[in-house]
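Dumped upload_16.pdb below, it's PDB, C-alpha atoms and all ligand atoms:
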```pdb
ATOM      1  CA  GLU A  42     112.431  91.608  50.926
ATOM      2  CA  THR A  43     113.055  94.191  53.647
ATOM      3  CA  LYS A  44     116.522  95.134  52.407
ATOM      4  CA  PRO A  45     116.553  98.668  50.951
ATOM      5  CA  ARG A  46     117.514  98.889  47.302
ATOM      6  CA  THR A  47     120.949 100.340  46.549
ATOM      7  CA  PRO A  48     120.759 103.773  44.839
ATOM      8  CA  VAL A  49     122.562 103.792  41.488
ATOM      9  CA  ILE A  50     123.564 106.719  39.292
ATOM     10  CA  TRP A  51     124.452 105.474  35.781
ATOM     11  CA  LEU A  52     126.447 107.948  33.691
ATOM     12  CA  HIS A  53     127.190 107.734  29.967
ATOM     13  CA  GLY A  54     130.352 109.175  28.458
ATOM     14  CA  LEU A  55     131.879 108.430  25.063
ATOM     15  CA  GLU A  56     130.169 105.148  24.212
ATOM     16  CA  CYS A  57     127.792 103.333  21.848
ATOM     17  CA  THR A  58     125.134 102.301  24.453
ATOM     18  CA  CYS A  59     125.462  98.584  23.679
ATOM     19  CA  CYS A  60     126.493  97.965  27.294
ATOM     20  CA  SER A  61     122.994  99.163  28.226
ATOM     21  CA  GLU A  62     121.558  97.025  25.418
ATOM     22  CA  SER A  63     123.300  94.016  26.896
ATOM     23  CA  PHE A  64     122.259  94.843  30.478
ATOM     24  CA  ILE A  65     118.532  95.004  29.740
ATOM     25  CA  ARG A  66     118.671  91.522  28.185
ATOM     26  CA  SER A  67     119.826  89.727  31.331
ATOM     27  CA  SER A  68     117.789  86.574  31.871
ATOM     28  CA  HIS A  69     119.020  85.453  35.302
ATOM     29  CA  PRO A  70     118.473  87.638  37.174
ATOM     30  CA  THR A  71     116.086  89.502  34.913
ATOM     31  CA  ILE A  72     116.341  93.253  34.496
ATOM     32  CA  GLU A  73     112.932  93.564  36.219
ATOM     33  CA  ASP A  74     114.291  91.755  39.263
ATOM     34  CA  ILE A  75     117.333  94.035  39.299
ATOM     35  CA  ILE A  76     115.523  97.368  39.089
ATOM     36  CA  PHE A  77     112.498  96.462  41.233
ATOM     37  CA  ASN A  78     114.199  94.429  43.956
ATOM     38  CA  MET A  79     117.938  95.166  44.081
ATOM     39  CA  ILE A  80     118.793  98.685  42.914
ATOM     40  CA  SER A  81     117.045 102.007  42.633
ATOM     41  CA  LEU A  82     118.184 103.248  39.239
ATOM     42  CA  ASP A  83     117.753 106.913  40.132
ATOM     43  CA  TYR A  84     119.608 108.409  37.186
ATOM     44  CA  ASP A  85     120.399 106.985  33.764
ATOM     45  CA  ASP A  86     120.470 109.275  30.734
ATOM     46  CA  VAL A  87     119.333 106.352  28.552
ATOM     47  CA  LEU A  88     116.692 104.581  30.658
ATOM     48  CA  SER A  89     115.212 107.319  32.891
ATOM     49  CA  ALA A  90     111.732 108.607  32.079
ATOM     50  CA  ALA A  91     112.717 112.134  33.152
ATOM     51  CA  ALA A  92     114.969 114.336  31.026
ATOM     52  CA  GLY A  93     116.794 117.665  31.051
ATOM     53  CA  HIS A  94     116.945 119.779  34.236
ATOM     54  CA  GLN A  95     114.476 117.475  35.993
ATOM     55  CA  LEU A  96     116.833 114.521  35.557
ATOM     56  CA  GLU A  97     119.941 116.499  36.547
ATOM     57  CA  ASP A  98     118.093 117.556  39.734
ATOM     58  CA  VAL A  99     117.459 113.870  40.506
ATOM     59  CA  ARG A 100     121.192 113.127  40.176
ATOM     60  CA  LYS A 101     122.073 115.910  42.595
ATOM     61  CA  LYS A 102     119.349 114.890  45.056
ATOM     62  CA  THR A 103     120.576 111.283  45.077
ATOM     63  CA  MET A 104     124.136 112.501  45.645
ATOM     64  CA  THR A 105     122.938 114.509  48.666
ATOM     65  CA  ASP A 106     120.404 112.071  50.164
ATOM     66  CA  TYR A 107     122.667 109.015  49.802
ATOM     67  CA  LYS A 108     126.081 110.600  50.285
ATOM     68  CA  GLY A 109     128.688 107.848  50.476
ATOM     69  CA  LYS A 110     126.091 105.140  49.864
ATOM     70  CA  TYR A 111     125.233 105.189  46.181
ATOM     71  CA  ILE A 112     126.904 103.207  43.433
ATOM     72  CA  LEU A 113     128.193 105.114  40.440
ATOM     73  CA  ALA A 114     127.944 103.017  37.283
ATOM     74  CA  VAL A 115     129.753 104.425  34.255
ATOM     75  CA  GLU A 116     129.310 103.395  30.640
ATOM     76  CA  GLY A 117     131.808 104.929  28.257
ATOM     77  CA  ASN A 118     135.102 106.695  28.723
ATOM     78  CA  VAL A 119     136.133 110.268  29.362
ATOM     79  CA  SER A 120     137.215 112.838  26.800
ATOM     80  CA  THR A 121     140.064 114.754  28.459
ATOM     81  CA  LYS A 122     141.401 116.858  25.601
ATOM     82  CA  ASP A 123     140.493 120.572  25.464
ATOM     83  CA  ASP A 124     138.820 120.441  28.908
ATOM     84  CA  GLY A 125     136.565 117.569  27.868
ATOM     85  CA  VAL A 126     134.642 119.561  25.278
ATOM     86  CA  TYR A 127     134.224 116.496  23.017
ATOM     87  CA  CYS A 128     131.710 114.912  25.394
ATOM     88  CA  MET A 129     129.123 117.293  26.840
ATOM     89  CA  VAL A 130     126.157 116.087  28.912
ATOM     90  CA  GLY A 131     123.536 118.346  30.520
ATOM     91  CA  GLY A 132     125.481 121.499  29.636
ATOM     92  CA  ASP A 133     128.739 120.428  31.277
ATOM     93  CA  SER A 134     131.651 118.265  30.238
ATOM     94  CA  PHE A 135     131.400 114.597  31.096
ATOM     95  CA  LEU A 136     134.816 115.031  32.732
ATOM     96  CA  ASN A 137     133.348 117.481  35.265
ATOM     97  CA  THR A 138     130.151 115.473  35.770
ATOM     98  CA  LEU A 139     132.123 112.306  36.438
ATOM     99  CA  ARG A 140     134.400 113.991  38.977
ATOM    100  CA  GLU A 141     131.421 115.615  40.715
ATOM    101  CA  THR A 142     129.360 112.419  40.881
ATOM    102  CA  ALA A 143     132.263 110.176  41.899
ATOM    103  CA  ALA A 144     133.174 112.381  44.889
ATOM    104  CA  ASP A 145     130.518 110.927  47.218
ATOM    105  CA  ALA A 146     129.995 107.489  45.646
ATOM    106  CA  ALA A 147     130.559 104.329  47.702
ATOM    107  CA  ALA A 148     132.117 102.562  44.734
ATOM    108  CA  ILE A 149     132.277 102.716  40.970
ATOM    109  CA  ILE A 150     131.360 100.094  38.399
ATOM    110  CA  ALA A 151     133.048 100.682  35.037
ATOM    111  CA  TRP A 152     130.905  98.967  32.407
ATOM    112  CA  GLY A 153     132.487  97.651  29.260
ATOM    113  CA  ALA A 154     135.802  98.061  27.508
ATOM    114  CA  CYS A 155     135.175 101.820  27.147
ATOM    115  CA  ALA A 156     134.940 102.629  30.846
ATOM    116  CA  SER A 157     137.397  99.906  31.933
ATOM    117  CA  PHE A 158     140.226 100.291  29.462
ATOM    118  CA  GLY A 159     139.376 102.865  26.801
ATOM    119  CA  CYS A 160     138.168 100.824  23.769
ATOM    120  CA  VAL A 161     137.916 102.230  20.236
ATOM    121  CA  GLN A 162     137.760 105.893  21.327
ATOM    122  CA  ASN A 163     141.222 105.800  22.872
ATOM    123  CA  ALA A 164     142.760 103.625  20.169
ATOM    124  CA  ASP A 165     145.719 105.266  18.468
ATOM    125  CA  PRO A 166     145.730 108.222  17.665
ATOM    126  CA  ASN A 167     142.997 108.906  20.268
ATOM    127  CA  PRO A 168     141.915 112.327  18.920
ATOM    128  CA  THR A 169     139.728 113.286  21.916
ATOM    129  CA  GLY A 170     142.149 112.175  24.647
ATOM    130  CA  ALA A 171     139.681 109.471  25.715
ATOM    131  CA  ALA A 172     140.647 107.858  29.034
ATOM    132  CA  PRO A 173     139.214 105.019  31.130
ATOM    133  CA  ILE A 174     137.561 105.850  34.462
ATOM    134  CA  SER A 175     140.521 104.625  36.550
ATOM    135  CA  GLU A 176     142.763 107.278  34.984
ATOM    136  CA  ILE A 177     140.432 110.053  36.175
ATOM    137  CA  ILE A 178     139.138 108.794  39.529
ATOM    138  CA  LYS A 179     141.900 107.581  41.835
ATOM    139  CA  ASP A 180     140.324 107.627  45.288
ATOM    140  CA  LYS A 181     137.385 105.202  44.950
ATOM    141  CA  PRO A 182     137.137 101.435  44.635
ATOM    142  CA  ILE A 183     136.507 100.609  40.973
ATOM    143  CA  VAL A 184     135.368  97.300  39.545
ATOM    144  CA  ASN A 185     136.044  96.928  35.836
ATOM    145  CA  VAL A 186     133.516  94.843  33.915
ATOM    146  CA  PRO A 187     135.057  94.779  30.434
ATOM    147  CA  GLY A 188     133.869  93.329  27.162
ATOM    148  CA  CYS A 189     132.400  95.118  24.212
ATOM    149  CA  PRO A 190     129.823  94.846  25.604
ATOM    150  CA  PRO A 191     130.074  92.744  28.780
ATOM    151  CA  ILE A 192     127.830  89.673  29.019
ATOM    152  CA  ALA A 193     124.427  90.641  30.462
ATOM    153  CA  GLU A 194     124.548  88.067  33.267
ATOM    154  CA  VAL A 195     128.070  89.199  34.201
ATOM    155  CA  MET A 196     126.787  92.774  34.601
ATOM    156  CA  THR A 197     123.781  91.775  36.682
ATOM    157  CA  GLY A 198     125.947  89.256  38.562
ATOM    158  CA  VAL A 199     128.194  92.079  39.787
ATOM    159  CA  ILE A 200     125.146  94.034  40.978
ATOM    160  CA  THR A 201     123.675  90.930  42.637
ATOM    161  CA  HIS A 202     126.946  90.373  44.497
ATOM    162  CA  PHE A 203     127.028  93.941  45.794
ATOM    163  CA  HIS A 204     123.361  93.821  46.804
ATOM    164  CA  THR A 205     123.775  90.468  48.568
ATOM    165  CA  PHE A 206     127.092  90.977  50.366
ATOM    166  CA  GLY A 207     127.323  94.788  50.533
ATOM    167  CA  LYS A 208     130.783  94.869  48.967
ATOM    168  CA  LEU A 209     132.458  94.528  45.606
ATOM    169  CA  PRO A 210     133.486  91.032  44.463
ATOM    170  CA  ASP A 211     137.094  89.783  44.520
ATOM    171  CA  LEU A 212     139.045  91.314  41.661
ATOM    172  CA  ASP A 213     141.941  90.258  39.439
ATOM    173  CA  ARG A 214     145.003  92.349  38.530
ATOM    174  CA  PHE A 215     142.941  94.437  36.092
ATOM    175  CA  ASN A 216     140.200  94.951  38.718
ATOM    176  CA  ARG A 217     137.874  92.526  36.936
ATOM    177  CA  PRO A 218     135.638  90.256  39.095
ATOM    178  CA  LYS A 219     137.450  86.926  39.376
ATOM    179  CA  ALA A 220     134.145  85.051  39.378
ATOM    180  CA  PHE A 221     133.647  85.934  35.706
ATOM    181  CA  TYR A 222     137.152  86.671  34.409
ATOM    182  CA  LYS A 223     139.323  83.978  35.992
ATOM    183  CA  THR A 224     139.522  81.609  33.011
ATOM    184  CA  ARG A 225     140.477  82.146  29.402
ATOM    185  CA  ILE A 226     138.011  81.687  26.538
ATOM    186  CA  HIS A 227     140.423  79.002  25.317
ATOM    187  CA  ASP A 228     140.149  76.980  28.567
ATOM    188  CA  LYS A 229     136.474  76.102  28.042
ATOM    189  CA  CYS A 230     136.110  76.532  24.272
ATOM    190  CA  TYR A 231     134.245  73.688  22.579
ATOM    191  CA  ARG A 232     136.750  73.890  19.660
ATOM    192  CA  ARG A 233     139.676  73.157  21.998
ATOM    193  CA  ALA A 234     139.901  69.517  20.854
ATOM    194  CA  PHE A 235     140.658  70.769  17.326
ATOM    195  CA  PHE A 236     143.357  73.088  18.712
ATOM    196  CA  ASP A 237     144.967  70.205  20.580
ATOM    197  CA  ALA A 238     144.817  68.033  17.451
ATOM    198  CA  GLY A 239     146.346  70.764  15.282
ATOM    199  CA  MET A 240     143.210  71.058  13.117
ATOM    200  CA  PHE A 241     142.911  74.740  12.190
ATOM    201  CA  VAL A 242     140.651  76.852   9.991
ATOM    202  CA  ARG A 243     142.849  78.484   7.319
ATOM    203  CA  SER A 244     140.158  80.323   5.333
ATOM    204  CA  PHE A 245     136.632  81.524   6.174
ATOM    205  CA  ASP A 246     135.135  79.740   3.162
ATOM    206  CA  ASP A 247     136.691  76.291   3.074
ATOM    207  CA  GLU A 248     135.848  72.854   4.424
ATOM    208  CA  SER A 249     137.711  73.435   7.723
ATOM    209  CA  THR A 250     135.330  76.303   8.484
ATOM    210  CA  ARG A 251     132.262  74.180   7.696
ATOM    211  CA  LYS A 252     133.609  71.473  10.009
ATOM    212  CA  GLY A 253     134.080  73.991  12.850
ATOM    213  CA  TRP A 254     137.807  73.548  13.434
ATOM    214  CA  CYS A 255     139.886  75.818  15.698
ATOM    215  CA  LEU A 256     140.106  79.513  14.720
ATOM    216  CA  TYR A 257     143.596  80.145  16.148
ATOM    217  CA  LYS A 258     145.243  80.541  12.730
ATOM    218  CA  MET A 259     142.563  83.127  11.841
ATOM    219  CA  GLY A 260     143.735  85.319  14.720
ATOM    220  CA  CYS A 261     141.610  83.958  17.596
ATOM    221  CA  LYS A 262     142.691  85.609  20.863
ATOM    222  CA  GLY A 263     140.886  83.071  23.057
ATOM    223  CA  PRO A 264     144.210  81.779  24.449
ATOM    224  CA  THR A 265     145.009  85.196  25.978
ATOM    225  CA  THR A 266     141.514  86.511  26.758
ATOM    226  CA  TYR A 267     139.863  86.204  30.161
ATOM    227  CA  ASN A 268     136.049  86.241  30.061
ATOM    228  CA  SER A 269     133.024  83.945  30.500
ATOM    229  CA  CYS A 270     131.919  83.739  26.862
ATOM    230  CA  SER A 271     132.731  80.045  26.413
ATOM    231  CA  THR A 272     130.857  79.106  29.597
ATOM    232  CA  ILE A 273     127.954  81.519  30.262
ATOM    233  CA  GLN A 274     127.708  82.475  26.556
ATOM    234  CA  TRP A 275     125.389  85.167  25.166
ATOM    235  CA  ASN A 276     121.661  85.663  24.640
ATOM    236  CA  ASP A 277     120.600  83.383  27.468
ATOM    237  CA  GLY A 278     123.304  80.841  26.681
ATOM    238  CA  THR A 279     122.586  80.656  22.944
ATOM    239  CA  SER A 280     126.067  81.201  21.486
ATOM    240  CA  PHE A 281     129.205  83.345  21.496
ATOM    241  CA  PRO A 282     131.492  84.759  18.780
ATOM    242  CA  ILE A 283     133.437  81.514  18.265
ATOM    243  CA  GLY A 284     130.161  79.574  18.203
ATOM    244  CA  SER A 285     129.122  81.798  15.309
ATOM    245  CA  GLY A 286     132.342  81.059  13.420
ATOM    246  CA  HIS A 287     134.302  84.195  14.312
ATOM    247  CA  PRO A 288     137.582  84.349  16.232
ATOM    248  CA  CYS A 289     137.605  85.987  19.647
ATOM    249  CA  ILE A 290     139.081  89.502  19.230
ATOM    250  CA  GLY A 291     139.935  89.827  22.931
ATOM    251  CA  CYS A 292     137.338  92.473  23.745
ATOM    252  CA  SER A 293     137.688  92.061  27.525
ATOM    253  CA  GLU A 294     141.454  92.689  27.529
ATOM    254  CA  PRO A 295     143.076  96.143  27.814
ATOM    255  CA  HIS A 296     143.567  98.080  24.569
ATOM    256  CA  PHE A 297     142.219  95.332  22.330
ATOM    257  CA  TRP A 298     141.812  97.757  19.433
ATOM    258  CA  ASP A 299     145.545  98.508  19.427
ATOM    259  CA  ASN A 300     146.519  94.879  19.968
ATOM    260  CA  GLY A 301     145.417  93.795  16.520
ATOM    261  CA  PRO A 302     145.267  92.770  13.832
ATOM    262  CA  PHE A 303     141.840  91.190  14.346
ATOM    263  CA  TYR A 304     142.540  88.920  11.369
ATOM    264  CA  LYS A 305     145.604  87.038  10.222
ATOM    265  CA  ARG A 306     146.418  85.786   6.753
TER     266      ARG A 306
HETATM  267 FE1  LIG B   1     129.703 100.158  23.257
HETATM  268 FE2  LIG B   1     131.697  98.442  23.600
HETATM  269 FE3  LIG B   1     131.808 100.818  24.758
HETATM  270 FE4  LIG B   1     130.055  99.051  25.672
HETATM  271  S1  LIG B   1     132.290  98.839  25.738
HETATM  272  S2  LIG B   1     129.623 101.229  25.239
HETATM  273  S3  LIG B   1     129.510  97.964  23.772
HETATM  274  S4  LIG B   1     131.822 100.433  22.503
HETATM  275 FE1  LIG B   2     141.183  78.404  21.546
HETATM  276 FE2  LIG B   2     140.115  80.138  19.802
HETATM  277 FE3  LIG B   2     140.691  77.649  19.059
HETATM  278 FE4  LIG B   2     138.664  78.102  20.729
HETATM  279  S1  LIG B   2     138.792  78.759  18.581
HETATM  280  S2  LIG B   2     140.221  76.502  20.887
HETATM  281  S3  LIG B   2     139.501  79.813  21.932
HETATM  282  S4  LIG B   2     142.173  79.249  19.718
HETATM  283 FE1  LIG B   3     134.712  89.369  23.370
HETATM  284 FE2  LIG B   3     136.109  87.187  22.820
HETATM  285 FE3  LIG B   3     133.923  87.007  24.231
HETATM  286  S1  LIG B   3     135.697  88.914  21.440
HETATM  287  S2  LIG B   3     132.637  88.610  23.384
HETATM  288  S3  LIG B   3     135.806  88.075  24.822
HETATM  289  S4  LIG B   3     134.646  85.520  22.749
END
```

Now, as a test, write the supplied structure out as structure tokens.
Ligand code: SF4
Ligand code: SF4
Ligand code: F3S
Amino acid sequence: ETKPRTPVIWLHGLECTCCSESFIRSSHPTIEDIIFNMISLDYDDVLSAAAGHQLEDVRKKTMTDYKGKYILAVEGNVSTKDDGVYCMVGGDSFLNTLRETAADAAAIIAWGACASFGCVQNADPNPTGAAPISEIIKDKPIVNVPGCPPIAEVMTGVITHFHTFGKLPDLDRFNRPKAFYKTRIHDKCYRRAFFDAGMFVRSFDDESTRKGWCLYKMGCKGPTTYNSCSTIQWNDGTSFPIGSGHPCIGCSEPHFWDNGPFYKR
């Protein structure tokens, strides 16, 4: 109760804001617990009450008052083509704002496939030169929390870890927290028994679909995708894509848009 909250600046680049949508739906810990007890969300172009110059002043004040101590959370990736003109925030390019804000951050959290690996914006032919955060910022520790979006409890779990232990969690080879990305969807999938028995869905509208057989022959990427969807699940443990009858499209793996097709015939 006496521990000071960690200051957080949350920037938004080229993105769809669904990472924020996911974040505010965390059930354990709740978003209220996060923002009232663990972090001080000083700047967030989506959630802050302030706007315009007032909000930009808050970002600069946090950077000065908490130099080297604040966490920079980034949702979205960075337009690099033509000096970053395809993503402008507060009168400057997101490219410049990111570089400026990262300079004195303690660490960076890259939310979602966009910030971690690029996502749809940097899929071929990548017209705006969209790049993940790690290609722009090279001198800060970065934790990638991919998924499109990431699971809410995975996002708040990363923040809880930092708040509790004062350091980033252990990371895998793609800088993802091992605690949430160490097993494949396939390892814990409830349809695994059908996979092992060779019982596969071959069409989205036949009896095999109604019986809930394995989606591998429909293009499921669960065997090569590392994430917590088949264990933690979504919406407070309600379901996940495969539970709703859709193959995993590998949204927590690098360049999943270019690693298609999403469907096989
Ligand atoms: Fe949206 Fe996906 Fe990017 Fe998150 S990772 S901002 S959900 S497109
Ligand atoms: Fe594996 Fe996908 Fe089949 Fe589940 S549905 S058992 S993740 S291939
Ligand atoms: Fe993404 Fe696959 Fe989970 S598509 S949401 S990693 S089941």

Could you report the residues within 12 Å of ligand LIG 2 (chain B), using only C-alpha atoms and all ligand atoms, as JSON, numbers by chain? {"A": [224, 225, 226, 227, 228, 229, 230, 231, 232, 233, 234, 235, 236, 237, 238, 239, 240, 241, 242, 243, 250, 253, 254, 255, 256, 257, 258, 259, 260, 261, 262, 263, 264, 265, 266, 267, 268, 269, 270, 271, 272, 281, 282, 283, 284, 285, 286, 287, 288, 289, 290, 291]}

query: Excluding same-chain residues fewer than 4 positions from range 52-56 of chain A, what lies within 9 Å of it counting all atoms listed in the file, as a list in words?
result: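 The neighbour list is Cys60, Tyr84, Asp85, Asp86, Val87, Leu113, Ala114, Val115, Glu116, Gly117, Asn118, Val119, Ser120, Tyr127, Cys128, Met129, Val130, Phe135, Leu136, Thr138, Leu139, Thr142, Cys155, Ala156, Gln162 and Ala171 of chain A.
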
CA of Ala92 in chain A to CA of Thr169 in chain A measures 26.4 Å

task: Excluding range 190-203 of chain A and any residue of its chain fewer than 5 positions from it, enumerate the residues within 8 Å of it, using only C-alpha atoms, and give them as number ranges by chain.
output: A: 59-60, 63-70, 72, 75, 79, 152-154, 208-210, 218, 221, 269-270, 273-275, 293

Coordinates of box centre and edge lengths for ligand LIG 1 (chain B), 6 Å on every side, axis-aligned, as AutoDock Vina command-line options:
```
--center_x 130.9 --center_y 99.6 --center_z 24.1 --size_x 14.8 --size_y 15.3 --size_z 15.2
```

**Request:** Using all atoms listed in the file, find the one residue out of A:Lys219, A:Lys179, A:His296, A:Arg140 that sits nearest to ligand LIG 1 (chain B).
**Result:**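 Result for the nearest residue to ligand LIG 1 (chain B): A:His296.
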